[in-house]
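Participant: A single structure is presented below for examination.
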Amino acid sequence: MKNIILTGHDLTLEQIGRVAHHSGDVTVSIDEATRERISRSRLFVENAVDSGKVVYGITTGFGYFKNVTISKDQTRDLQRNLIMSHAVGVGEPLSRAQVRAMMLVRINSLVKGYSGVRQIVIDTLIDFLNKDVYPYVPRKGSLGASGDLSPLAHMTLVMMGMGEAFVDGKRAPAVDALASAGIVPVTLSSKEGLALTNGTAMMAGVGTLNLLRAEELSKIADIAASISVEGLMGSVTPYDQAIHDARPHQGQKDSSLNVRRLCAQSDIIESHEGCDRIQDAYSLRCTPQVHGAVRDTLAHVRRTLEIEVNSATDNPLIFPDEGVSRSAGNFHGEPIAFIMDFLAIAVSELANIAERRIAKFVDQSTSEGLPPFLIPKEEAGVSSGFMILQYTAAALTSENKTFAHPSSVDSIPTSANQEDHVSMGANATNKACLVLDNVQSVLAIELLTATQSLDFKKPLTPGVGSKAAYDHIRQHIPFLEKDRVLYHDIERVNAMIEDHSLLASVERAVDSLL
């Protein structure tokens, strides 16, 4: 059992991914030094309430009601009302993994000691993770400033014994879900409702899962491209190290090295060395430049998220050593809005170029001797083969062009113009999920298409990495001799991408891809 100790400073994106997809082998805790920071921050809040000092969100209302003073007797009602009034999300709920990622990021922000919550609040969220209770959180409704108010309100509602939660995979009233897990509901005190809801945890948590998925898809894209290079009788010369040392973008260098390793020892490539084709089409020849640019964009996304998930993002922030609170705007999600838009735009290109390779396979005039639509000649006309798979790839690629429109260029003022500029980062994050779904399916179609092409190259064998991918796919999906229902095949390849088994099979043959 792996225990992750949260300090607020050194949470990794990989740890978020592990906790999000928890399968009983990881727990979360905090240490005594962290508890001391939390206590000092809480003491400031309690002193402010006892003294009647005017501090935003502690002894005042919220947003437009910032100038309304709240008495000590009203503080609990204020926090409770805040959560009930803000839990107004709509749409499909976030997945289990997404909610768990969101909760982990929120805990890590709170334990930094700038938020003024009691330890019991943090311990309750930790219990949610360790006992696998996760709130019902509708996906839509956050503006990305003041943080992810609505999603985090739905999370907090469950802490109070209200709303709904999932336990043992079943959706139930929160009070029942908590009772079944042995968790006692929390009565929120001063500032705690604000501290729990006023932050970027949904954007950062779900955004982290988006990044981890995109990084793996970039490896899958290199695998698919390698099989396509082989099936389309492409040249590996454009992947030569000297070319990429001459333009040393790191992503480009990594992608080209991956393809060289995947295609190593290929009988197919060796069979047409010295042929009279001068250059391949861009979709083969420029793969490292395109895939590499995606990788470099994802590297920027990673750097931003590594900072964000270890940041204090609520308001006001408590500085107990100075004895002050400061009202500011760390809840504003602009950094995540930008990087989720960047991610969606960049990853869309993996599908754009993959669809072009798929199109080359099914077109006899560009497929280098392969039969039309990759169906055996005796079935041509009676069977359509891979014809309509390219249609699906084209539809998904086109849809991504709509999804890639930036959310971060939009802003609609709220709270009677008090909150007059928002990031729309949650929309960018949700939209990036849709782009990733489409990209994965396009890559699944390319893998199916490219794998089919290799069967027509027999007895020549592909490179060691391409063959490992081919063998893994063929364990589950047979050669298409004549038409059959093909959507099952797409689902099977998507499944082997999602369970990481395809990548694992390839990496056993060529070691870890970059």
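In the structure tokens, chains take the letters A, B, ... in the order shown, each chain's residues start at 1, and ligands count up from 1 in the order shown.
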Applying 10 Å and only C-alpha atoms, which residues near range 158-166 of chain A remain after dropping the ones on its own chain fewer than 6 positions away? List them as a list in words.

Facilitator: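 The residues that qualify are Arg80, Ile83, Met84, Ala87, Arg96, Val121, Thr124, Leu125, Phe128, Asp132, Val133, Tyr134, Pro135, Tyr136, Val137, Ala172, Pro173, Ala174, Val175, Asp176, Ala177, Leu178, Ala179, Ile183, Val184, Pro185, Val186, Thr187 and Leu188 of chain A.
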
Participant: Please write the residues from the selection above to a file, keeping C-alpha atoms, as a PDB file, in the first residue's frame.

Facilitator:
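After the write, result.pdb holds the following:
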ATOM      1  CA  ARG A  80     -23.948  26.725   5.028  1.00  0.00           C
ATOM      2  CA  ILE A  83     -22.607  25.998  -0.171  1.00  0.00           C
ATOM      3  CA  MET A  84     -26.323  25.437  -0.737  1.00  0.00           C
ATOM      4  CA  ALA A  87     -24.293  24.031  -5.704  1.00  0.00           C
ATOM      5  CA  ARG A  96     -14.897   9.124 -10.345  1.00  0.00           C
ATOM      6  CA  VAL A 121     -12.371  19.679   7.295  1.00  0.00           C
ATOM      7  CA  THR A 124     -12.967  14.570   6.080  1.00  0.00           C
ATOM      8  CA  LEU A 125     -11.824  15.131   2.501  1.00  0.00           C
ATOM      9  CA  PHE A 128     -13.442  10.628   1.090  1.00  0.00           C
ATOM     10  CA  ASP A 132     -13.567   5.856  -1.884  1.00  0.00           C
ATOM     11  CA  VAL A 133     -16.593   8.074  -1.397  1.00  0.00           C
ATOM     12  CA  TYR A 134     -16.896  10.657  -4.112  1.00  0.00           C
ATOM     13  CA  PRO A 135     -19.472  13.422  -4.471  1.00  0.00           C
ATOM     14  CA  TYR A 136     -21.893  13.795  -7.334  1.00  0.00           C
ATOM     15  CA  VAL A 137     -20.502  16.821  -9.171  1.00  0.00           C
ATOM     16  CA  ALA A 172     -27.004   7.694  -3.044  1.00  0.00           C
ATOM     17  CA  PRO A 173     -28.076  10.560  -0.770  1.00  0.00           C
ATOM     18  CA  ALA A 174     -24.955  11.953   0.865  1.00  0.00           C
ATOM     19  CA  VAL A 175     -26.118  11.173   4.392  1.00  0.00           C
ATOM     20  CA  ASP A 176     -26.463   7.484   3.484  1.00  0.00           C
ATOM     21  CA  ALA A 177     -23.180   7.357   1.578  1.00  0.00           C
ATOM     22  CA  LEU A 178     -21.305   8.907   4.504  1.00  0.00           C
ATOM     23  CA  ALA A 179     -22.939   6.588   7.018  1.00  0.00           C
ATOM     24  CA  ILE A 183     -17.770   9.333   7.884  1.00  0.00           C
ATOM     25  CA  VAL A 184     -19.398  11.964  10.130  1.00  0.00           C
ATOM     26  CA  PRO A 185     -20.776  15.069   8.328  1.00  0.00           C
ATOM     27  CA  VAL A 186     -19.016  18.351   9.071  1.00  0.00           C
ATOM     28  CA  THR A 187     -20.660  21.536  10.288  1.00  0.00           C
ATOM     29  CA  LEU A 188     -18.709  24.285   8.575  1.00  0.00           C
TER      30      LEU A 188
END

Participant: Which of these, A:Gly425, A:Leu389, A:Ala404, A:Gly274, has the shortest distance to Val485 in chain A once you count only C-alpha atoms?

Facilitator: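 Once distances to Val485 in chain A are computed over only C-alpha atoms, the minimum belongs to A:Leu389.
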
Participant: Compare A:Gly116, A:Gly141, A:Gly57, A:Gly147 by their minimum atom-to-atom distance to Val88 in chain A, counting only C-alpha atoms, and give me the closest one.

Facilitator: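 Result for the nearest residue to Val88 in chain A: A:Gly141.
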
Participant: Using only C-alpha atoms, pick whichever of A:Ile220, A:Met424, A:Ile307, A:Ala468 has the shortest atom-to-atom distance to Glu446 in chain A.

Facilitator: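 So, comparing all the options, the nearest one is A:Ile220.
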
Participant: Identify all residues of range 59-291 of chain A in strand (DSSP E) (DSSP on the backbone) and supply them as a ChimeraX atom specification.

Facilitator: /A:90-93,133-135,138-140,164-167,170-173

Participant: Write a file of the selected residues as a PDB file, in the first residue's frame, keeping C-alpha atoms.

Facilitator:
ATOM      1  CA  VAL A  90     -25.783  21.021 -14.489  1.00  0.00           C
ATOM      2  CA  GLY A  91     -24.954  18.349 -17.014  1.00  0.00           C
ATOM      3  CA  GLU A  92     -23.375  14.932 -16.768  1.00  0.00           C
ATOM      4  CA  PRO A  93     -21.398  14.334 -13.573  1.00  0.00           C
ATOM      5  CA  VAL A 133     -16.593   8.074  -1.397  1.00  0.00           C
ATOM      6  CA  TYR A 134     -16.896  10.657  -4.112  1.00  0.00           C
ATOM      7  CA  PRO A 135     -19.472  13.422  -4.471  1.00  0.00           C
ATOM      8  CA  PRO A 138     -22.210  18.081 -12.343  1.00  0.00           C
ATOM      9  CA  ARG A 139     -19.664  18.940 -15.012  1.00  0.00           C
ATOM     10  CA  LYS A 140     -20.964  22.358 -16.068  1.00  0.00           C
ATOM     11  CA  GLU A 164     -25.488  13.083  -3.327  1.00  0.00           C
ATOM     12  CA  ALA A 165     -22.420  10.869  -3.506  1.00  0.00           C
ATOM     13  CA  PHE A 166     -21.212   7.612  -4.989  1.00  0.00           C
ATOM     14  CA  VAL A 167     -20.118   4.762  -2.751  1.00  0.00           C
ATOM     15  CA  LYS A 170     -23.803   3.509  -6.491  1.00  0.00           C
ATOM     16  CA  ARG A 171     -25.281   7.005  -6.347  1.00  0.00           C
ATOM     17  CA  ALA A 172     -27.004   7.694  -3.044  1.00  0.00           C
ATOM     18  CA  PRO A 173     -28.076  10.560  -0.770  1.00  0.00           C
TER      19      PRO A 173
END

Participant: Please report the interatomic distance between CA of Arg106 in chain A and CA of Ser41 in chain A in Å with one decimal.

Facilitator: 16.3 Å

Participant: Hey, which bits of range 388-498 of chain A sit within 10 Å of range 230-239 of chain A, and for each residue what's the closest pair of atoms and how far apart in Å (one decimal), counting only C-alpha atoms, rows by chain and increasing number, as JSON lines?

Facilitator:
{"residue": "A:Thr449", "atom": "CA", "partner": "A:Gly231", "partner_atom": "CA", "distance": 9.2}
{"residue": "A:Ala450", "atom": "CA", "partner": "A:Gly231", "partner_atom": "CA", "distance": 6.1}
{"residue": "A:Thr451", "atom": "CA", "partner": "A:Gly231", "partner_atom": "CA", "distance": 7.9}
{"residue": "A:Gln452", "atom": "CA", "partner": "A:Gly231", "partner_atom": "CA", "distance": 8.6}
{"residue": "A:Ser453", "atom": "CA", "partner": "A:Gly231", "partner_atom": "CA", "distance": 5.3}
{"residue": "A:Leu454", "atom": "CA", "partner": "A:Gly231", "partner_atom": "CA", "distance": 5.6}
{"residue": "A:Asp455", "atom": "CA", "partner": "A:Gly231", "partner_atom": "CA", "distance": 9.0}
{"residue": "A:Phe456", "atom": "CA", "partner": "A:Gly231", "partner_atom": "CA", "distance": 8.5}
{"residue": "A:Lys457", "atom": "CA", "partner": "A:Gly231", "partner_atom": "CA", "distance": 7.5}
{"residue": "A:Thr461", "atom": "CA", "partner": "A:Glu230", "partner_atom": "CA", "distance": 9.5}
{"residue": "A:Pro462", "atom": "CA", "partner": "A:Glu230", "partner_atom": "CA", "distance": 6.7}
{"residue": "A:Gly463", "atom": "CA", "partner": "A:Glu230", "partner_atom": "CA", "distance": 8.2}
{"residue": "A:Ser466", "atom": "CA", "partner": "A:Glu230", "partner_atom": "CA", "distance": 8.3}

Participant: Which residues in range 378-454 of chain A does DSSP call helix (DSSP H, G or I)? List them as a PyMOL selection string.

Facilitator: chain A and resi 378-379+387-403+425-454

Participant: Tell me which of A:Glu419, A:Asp341, A:Asp254, A:Asp127 sits closest to Gly329 in chain A, counting only C-alpha atoms.

Facilitator: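 Once distances to Gly329 in chain A are computed over only C-alpha atoms, the minimum belongs to A:Glu419.
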
Participant: Choose the residue, out of A:Asn427, A:Thr304, A:Ser512, A:Gln252, that has the smallest atom-to-atom separation from Leu211 in chain A; count only C-alpha atoms.

Facilitator: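 Of the candidates, the smallest distance to Leu211 in chain A is held by A:Thr304.
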
Participant: With only C-alpha atoms counted and 10 Å as the cut-off, give the residues of range 77-102 of chain A in contact with range 9-23 of chain A, each with its shortest interatomic distance in Å and the pair that gives it, as a Markdown table.

Facilitator:
| residue | atom | partner | partner_atom | distance |
| --- | --- | --- | --- | --- |
| A:Ser95 | CA | A:Ala20 | CA | 9.7 |
| A:Arg96 | CA | A:Ala20 | CA | 7.4 |
| A:Ala97 | CA | A:Ala20 | CA | 4.3 |
| A:Gln98 | CA | A:Ala20 | CA | 6.6 |
| A:Val99 | CA | A:Ala20 | CA | 7.7 |
| A:Arg100 | CA | A:Ala20 | CA | 4.9 |
| A:Ala101 | CA | A:Ala20 | CA | 5.0 |
| A:Met102 | CA | A:Ala20 | CA | 8.6 |

Participant: What is the distance, in Å and to one decimal place, between CA of Glu192 in chain A and CA of Phe44 in chain A?

Facilitator: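 Computing it gives 12.9 Å between the two atoms.
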
Participant: Between A:Asn198, A:Asn438, A:Thr75, A:Asn330, which one has atoms that come closest to Leu217 in chain A, using only C-alpha atoms?

Facilitator: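 Nearest to Leu217 in chain A: A:Asn438.
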
Participant: Can you tell me how far CA of Thr27 in chain A sits from CA of Arg213 in chain A, in Å to one decimal?

Facilitator: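 About the pair CA of Thr27 in chain A and CA of Arg213 in chain A: they are 22.3 Å apart.
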
Participant: Write out as a ChimeraX atom specification which residues come within 9 Å of Leu343 in chain A when counting only C-alpha atoms, dropping same-chain ones fewer than 6 positions away.

Facilitator: /A:210-211,214,294,297-298,301,404,432

Participant: Put those residues in a file: C-alpha atoms, as a short mmCIF file (atom, residue, chain, number, x, y, z; two decimals), in the first residue's frame.

Facilitator:
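Just written: part30.cif:
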data_model
loop_
_atom_site.label_atom_id
_atom_site.label_comp_id
_atom_site.auth_asym_id
_atom_site.auth_seq_id
_atom_site.Cartn_x
_atom_site.Cartn_y
_atom_site.Cartn_z
CA ASN A 210 -6.16 15.55 -19.44
CA LEU A 211 -2.42 16.13 -19.63
CA ALA A 214 -2.49 13.51 -23.81
CA VAL A 294 2.42 18.70 -29.74
CA THR A 297 3.12 22.23 -26.03
CA LEU A 298 2.32 19.49 -23.53
CA VAL A 301 1.10 22.49 -19.96
CA ALA A 404 -10.41 23.73 -30.42
CA ALA A 432 -10.24 19.34 -23.86
#
